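Please read the structure below before turning to the comments.
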Amino acid sequence: MSCNYADGLSPYEDKGVCGLDEKFDTDETLRLKCELLADWIKGARHVVVHTGAGVSTSAGIPDFRGPNGVWTLEQKGLKPTSSISFDDAIPTKSHMALKKLIDTGKVKFIISQNIDGLHLRSGIPRQFLAELHGNMFIEQCDKCGRQFIRNFATKSVGKKCLETVCRSEQIGGRPCRGKMHDTILDWEHNLPDNDLALADLHSSVADLSICLGTTLQIIPSGNLPLYTKKYGGRLVICNLQPTKHDKKADLIINGKLDNVIESVMKKLGLEIPEYETSLDPTRNTEINSREMDWTIPTSRVKDMKILYKKVCAPVKRKRRATFMYERDITTYPIKRKEKKQEFKVKKEEIGNGSSINVKNEPSETNNDLVPKLESINDDFNEASAYFQEQNTVT
Ligand SMILES: [Zn+2]
């Protein structure tokens, strides 16, 4: 059962705002919003997608803070009635659409808070993915730090020892006597360095960040999309519940994710591929052992830093001198508390006795369907050529 993952974590009280009412756009509004998002994707040069538990609910894996989420039910002393095992779950339409968007270069990078491994299993290569909270299908050596793909989900969470030896030699590396550990973060753990570095740099370089199925409450993951705004890009939030950063979004889409993605893909003229076991490295038995290596090379972070300097340095925005991942690591554990006042949602009664959620202060940028940021900063133009170059190399 995938919800058992939550049981493996240590007790922790501040799990954020849970169980807020879901909101659904009307069919016509949804159609217009999807059309607008497709246009923005077409016109963007560097799209980054941030995914949360909402992308996996249609695979049968419960989310955390939705009306039937794990933490929402926990507050009522309940547990999800059904949840599929991580081994039995398969990538959803949204996962497969994202793979297609990566393959076609429309999306440059995916940053996921999910530990279900469904992005990996959709066939997305490592270089396009940051997994900030770990992956049930990945194990890591405590000595050399290498990560390897597993054929079945780990039984433990919280970076515990799996009692198997490092597979470094099998991928052509030096013999290593380290022991393998699961990669699933517990509340107090710091995020994986290279994943966080790439996530930070890509979010800053992006001119369009799309958040799918996350209330953006967990930090630092939830704050990464704001870097796109900081450097002049757009922020799109697609979620049924209100999120912590709704006020900052240029577009909010309240619809079922698979439907939204399907509609956007149609507008882009792209077909959503079916899930195939031959592309799923956890299921493909023909795969060679070298392809089981899931380690991010440090050279990739260096390359992204060069790109960051070219794209973001000319944009004179205020930013602290160091990157998030370069600061004292103890400052950024997964759970750090923030001031709660920013994320208050009040209920307002409407005529028929039911209630709707409204934000404390209405934002002028929300849901207005008018592309406010018609042109990206001119300084980006010079960088575009560099992007083209980079894309052909990788
Ligand atoms: Zn090792």
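Going by the structure tokens order, chains are called A, B, ..., each with residues numbered from 1, while ligands are numbered from 1 in the order shown.
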
Quick one: contact table of chain A to ligand 1, 12 Å max, nearest atom pair and distance in Å to one decimal per residue, counting only C-alpha atoms and all ligand atoms, chain and number order, as a Markdown table?
| residue | atom | partner | partner_atom_place_in_ligand_line | distance |
| --- | --- | --- | --- | --- |
| A:Glu139 | CA | ligand 1 | 1 (Zn) | 10.5 |
| A:Gln140 | CA | ligand 1 | 1 (Zn) | 7.8 |
| A:Cys141 | CA | ligand 1 | 1 (Zn) | 4.5 |
| A:Asp142 | CA | ligand 1 | 1 (Zn) | 6.5 |
| A:Lys143 | CA | ligand 1 | 1 (Zn) | 5.0 |
| A:Cys144 | CA | ligand 1 | 1 (Zn) | 4.0 |
| A:Gly145 | CA | ligand 1 | 1 (Zn) | 6.0 |
| A:Arg146 | CA | ligand 1 | 1 (Zn) | 5.9 |
| A:Gln147 | CA | ligand 1 | 1 (Zn) | 8.5 |
| A:Phe148 | CA | ligand 1 | 1 (Zn) | 10.0 |
| A:Thr164 | CA | ligand 1 | 1 (Zn) | 10.7 |
| A:Val165 | CA | ligand 1 | 1 (Zn) | 7.7 |
| A:Cys166 | CA | ligand 1 | 1 (Zn) | 4.5 |
| A:Arg167 | CA | ligand 1 | 1 (Zn) | 6.7 |
| A:Ser168 | CA | ligand 1 | 1 (Zn) | 5.6 |
| A:Glu169 | CA | ligand 1 | 1 (Zn) | 8.7 |
| A:Gln170 | CA | ligand 1 | 1 (Zn) | 10.8 |
| A:Ile171 | CA | ligand 1 | 1 (Zn) | 10.9 |
| A:Gly172 | CA | ligand 1 | 1 (Zn) | 11.9 |
| A:Gly173 | CA | ligand 1 | 1 (Zn) | 9.0 |
| A:Arg174 | CA | ligand 1 | 1 (Zn) | 8.5 |
| A:Pro175 | CA | ligand 1 | 1 (Zn) | 7.6 |
| A:Cys176 | CA | ligand 1 | 1 (Zn) | 4.6 |
| A:Arg177 | CA | ligand 1 | 1 (Zn) | 6.2 |
| A:Gly178 | CA | ligand 1 | 1 (Zn) | 4.7 |
| A:Lys179 | CA | ligand 1 | 1 (Zn) | 6.9 |
| A:Met180 | CA | ligand 1 | 1 (Zn) | 7.6 |
| A:His181 | CA | ligand 1 | 1 (Zn) | 10.5 |
| A:Asp293 | CA | ligand 1 | 1 (Zn) | 11.5 |
| A:Thr295 | CA | ligand 1 | 1 (Zn) | 11.2 |

Restricting it to N, CA and C atoms, dump the selection as a tab-separated table (two decimals), in the first residue's frame.
chain	number	residue	atom	x	y	z
A	139	GLU	N	18.06	3.49	-5.03
A	139	GLU	CA	18.84	3.27	-3.81
A	139	GLU	C	20.17	3.99	-3.96
A	140	GLN	N	20.75	4.34	-2.83
A	140	GLN	CA	21.97	5.15	-2.87
A	140	GLN	C	23.03	4.58	-1.94
A	141	CYS	N	24.27	4.62	-2.42
A	141	CYS	CA	25.39	4.11	-1.63
A	141	CYS	C	25.83	5.14	-0.59
A	142	ASP	N	26.06	4.69	0.64
A	142	ASP	CA	26.45	5.63	1.69
A	142	ASP	C	27.91	6.04	1.59
A	143	LYS	N	28.68	5.34	0.74
A	143	LYS	CA	30.10	5.64	0.65
A	143	LYS	C	30.42	6.51	-0.57
A	144	CYS	N	30.03	6.04	-1.76
A	144	CYS	CA	30.37	6.79	-2.98
A	144	CYS	C	29.23	7.71	-3.41
A	145	GLY	N	28.07	7.56	-2.84
A	145	GLY	CA	26.94	8.46	-3.15
A	145	GLY	C	26.21	8.14	-4.45
A	146	ARG	N	26.66	7.09	-5.15
A	146	ARG	CA	25.99	6.76	-6.42
A	146	ARG	C	24.56	6.27	-6.19
A	147	GLN	N	23.70	6.59	-7.15
A	147	GLN	CA	22.31	6.13	-7.07
A	147	GLN	C	22.05	5.10	-8.16
A	148	PHE	N	21.24	4.10	-7.83
A	148	PHE	CA	20.92	3.03	-8.78
A	148	PHE	C	19.41	2.79	-8.82
A	164	THR	N	22.31	-4.22	1.33
A	164	THR	CA	22.89	-4.74	0.09
A	164	THR	C	24.11	-3.90	-0.24
A	165	VAL	N	25.05	-4.48	-1.01
A	165	VAL	CA	26.29	-3.75	-1.27
A	165	VAL	C	26.19	-2.88	-2.52
A	166	CYS	N	27.09	-1.92	-2.61
A	166	CYS	CA	27.10	-0.96	-3.72
A	166	CYS	C	27.29	-1.67	-5.06
A	167	ARG	N	26.55	-1.19	-6.09
A	167	ARG	CA	26.63	-1.81	-7.41
A	167	ARG	C	27.57	-1.05	-8.34
A	168	SER	N	28.46	-0.25	-7.77
A	168	SER	CA	29.36	0.59	-8.57
A	168	SER	C	30.12	-0.20	-9.64
A	169	GLU	N	30.63	-1.38	-9.26
A	169	GLU	CA	31.43	-2.18	-10.20
A	169	GLU	C	30.61	-2.61	-11.42
A	170	GLN	N	29.32	-2.87	-11.17
A	170	GLN	CA	28.44	-3.32	-12.27
A	170	GLN	C	28.25	-2.25	-13.34
A	171	ILE	N	28.46	-0.99	-12.97
A	171	ILE	CA	28.27	0.06	-13.98
A	171	ILE	C	29.63	0.58	-14.47
A	172	GLY	N	30.66	-0.21	-14.23
A	172	GLY	CA	31.98	0.14	-14.74
A	172	GLY	C	32.78	1.03	-13.82
A	173	GLY	N	32.29	1.22	-12.59
A	173	GLY	CA	33.02	2.05	-11.62
A	173	GLY	C	33.99	1.21	-10.80
A	174	ARG	N	34.64	1.89	-9.86
A	174	ARG	CA	35.57	1.18	-8.98
A	174	ARG	C	34.79	0.32	-8.00
A	175	PRO	N	35.41	-0.77	-7.54
A	175	PRO	CA	34.72	-1.55	-6.51
A	175	PRO	C	34.47	-0.67	-5.28
A	176	CYS	N	33.32	-0.77	-4.69
A	176	CYS	CA	32.98	0.07	-3.54
A	176	CYS	C	32.34	-0.82	-2.48
A	177	ARG	N	32.76	-0.63	-1.25
A	177	ARG	CA	32.25	-1.49	-0.18
A	177	ARG	C	31.11	-0.84	0.60
A	178	GLY	N	30.59	0.24	0.05
A	178	GLY	CA	29.50	0.94	0.73
A	178	GLY	C	28.22	0.11	0.74
A	179	LYS	N	27.29	0.51	1.59
A	179	LYS	CA	25.99	-0.19	1.68
A	179	LYS	C	24.90	0.70	1.06
A	180	MET	N	23.92	0.04	0.47
A	180	MET	CA	22.83	0.79	-0.16
A	180	MET	C	21.80	1.22	0.89
A	181	HIS	N	21.22	2.41	0.64
A	181	HIS	CA	20.19	2.96	1.52
A	181	HIS	C	19.01	3.42	0.67
A	293	ASP	N	22.27	3.26	-13.62
A	293	ASP	CA	22.89	4.36	-12.88
A	293	ASP	C	21.96	5.57	-12.91
A	295	THR	N	22.69	8.46	-11.02
A	295	THR	CA	23.42	9.53	-10.34
A	295	THR	C	23.45	10.78	-11.21

Apply DSSP to the structure's backbone, then extract all residues of region 81-273 of chain A labelled strand (DSSP E or B) and return them as a PyMOL selection string.
chain A and resi 109-112+129-131+138-141+147-149+161-165+179-182+190+208-212+234-238+251-253

Taking into account only C-alpha atoms, which residue in the set A:Asn254, A:Ser85, A:Gln217, A:Thr92 is nearest to Asn4 (chain A)?
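Among the listed residues, the smallest separation from Asn4 (chain A) belongs to A:Ser85.
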
Do you know which residues are at most 8 Å from Cys18 (chain A) counting only C-alpha atoms, after dropping those on the same chain fewer than 6 positions away, and could you put them as a PyMOL selection string?
chain A and resi 64-67+69+71-72

Enumerate the residues of region 154-266 of chain A with a DSSP assignment of alpha helix (DSSP H), computed from the backbone, and present them as a PyMOL selection string.
chain A and resi 193-205+224-230+257-266

Two-atom distance - CA of Lys108 (chain A), CA of Leu129 (chain A) (Å)
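Between CA of Lys108 (chain A) and CA of Leu129 (chain A) the gap is 9.2 Å.
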
Skipping near chain neighbours, those fewer than 3 positions away, what residues fall within 7 Å of Thr228 (chain A) using only C-alpha atoms, listed as a PDB file with C-alpha atoms, in the first residue's frame?
ATOM      1  CA  SER A 203      13.507  27.464 -11.844  1.00  0.00           C
ATOM      2  CA  SER A 204      15.514  30.695 -12.058  1.00  0.00           C
ATOM      3  CA  VAL A 205      16.321  30.303 -15.744  1.00  0.00           C
ATOM      4  CA  ALA A 206      12.724  29.361 -16.672  1.00  0.00           C
ATOM      5  CA  ASP A 207      10.421  31.886 -18.305  1.00  0.00           C
ATOM      6  CA  LEU A 208       7.418  29.689 -17.502  1.00  0.00           C
ATOM      7  CA  SER A 209       6.920  27.549 -14.391  1.00  0.00           C
ATOM      8  CA  PRO A 225       8.503  28.298  -8.752  1.00  0.00           C
ATOM      9  CA  TYR A 231      13.517  36.799 -13.058  1.00  0.00           C
ATOM     10  CA  GLY A 232      10.532  38.010 -15.036  1.00  0.00           C
ATOM     11  CA  GLY A 233       8.865  34.729 -16.011  1.00  0.00           C
ATOM     12  CA  ARG A 234       5.302  33.501 -15.614  1.00  0.00           C
TER      13      ARG A 234
END
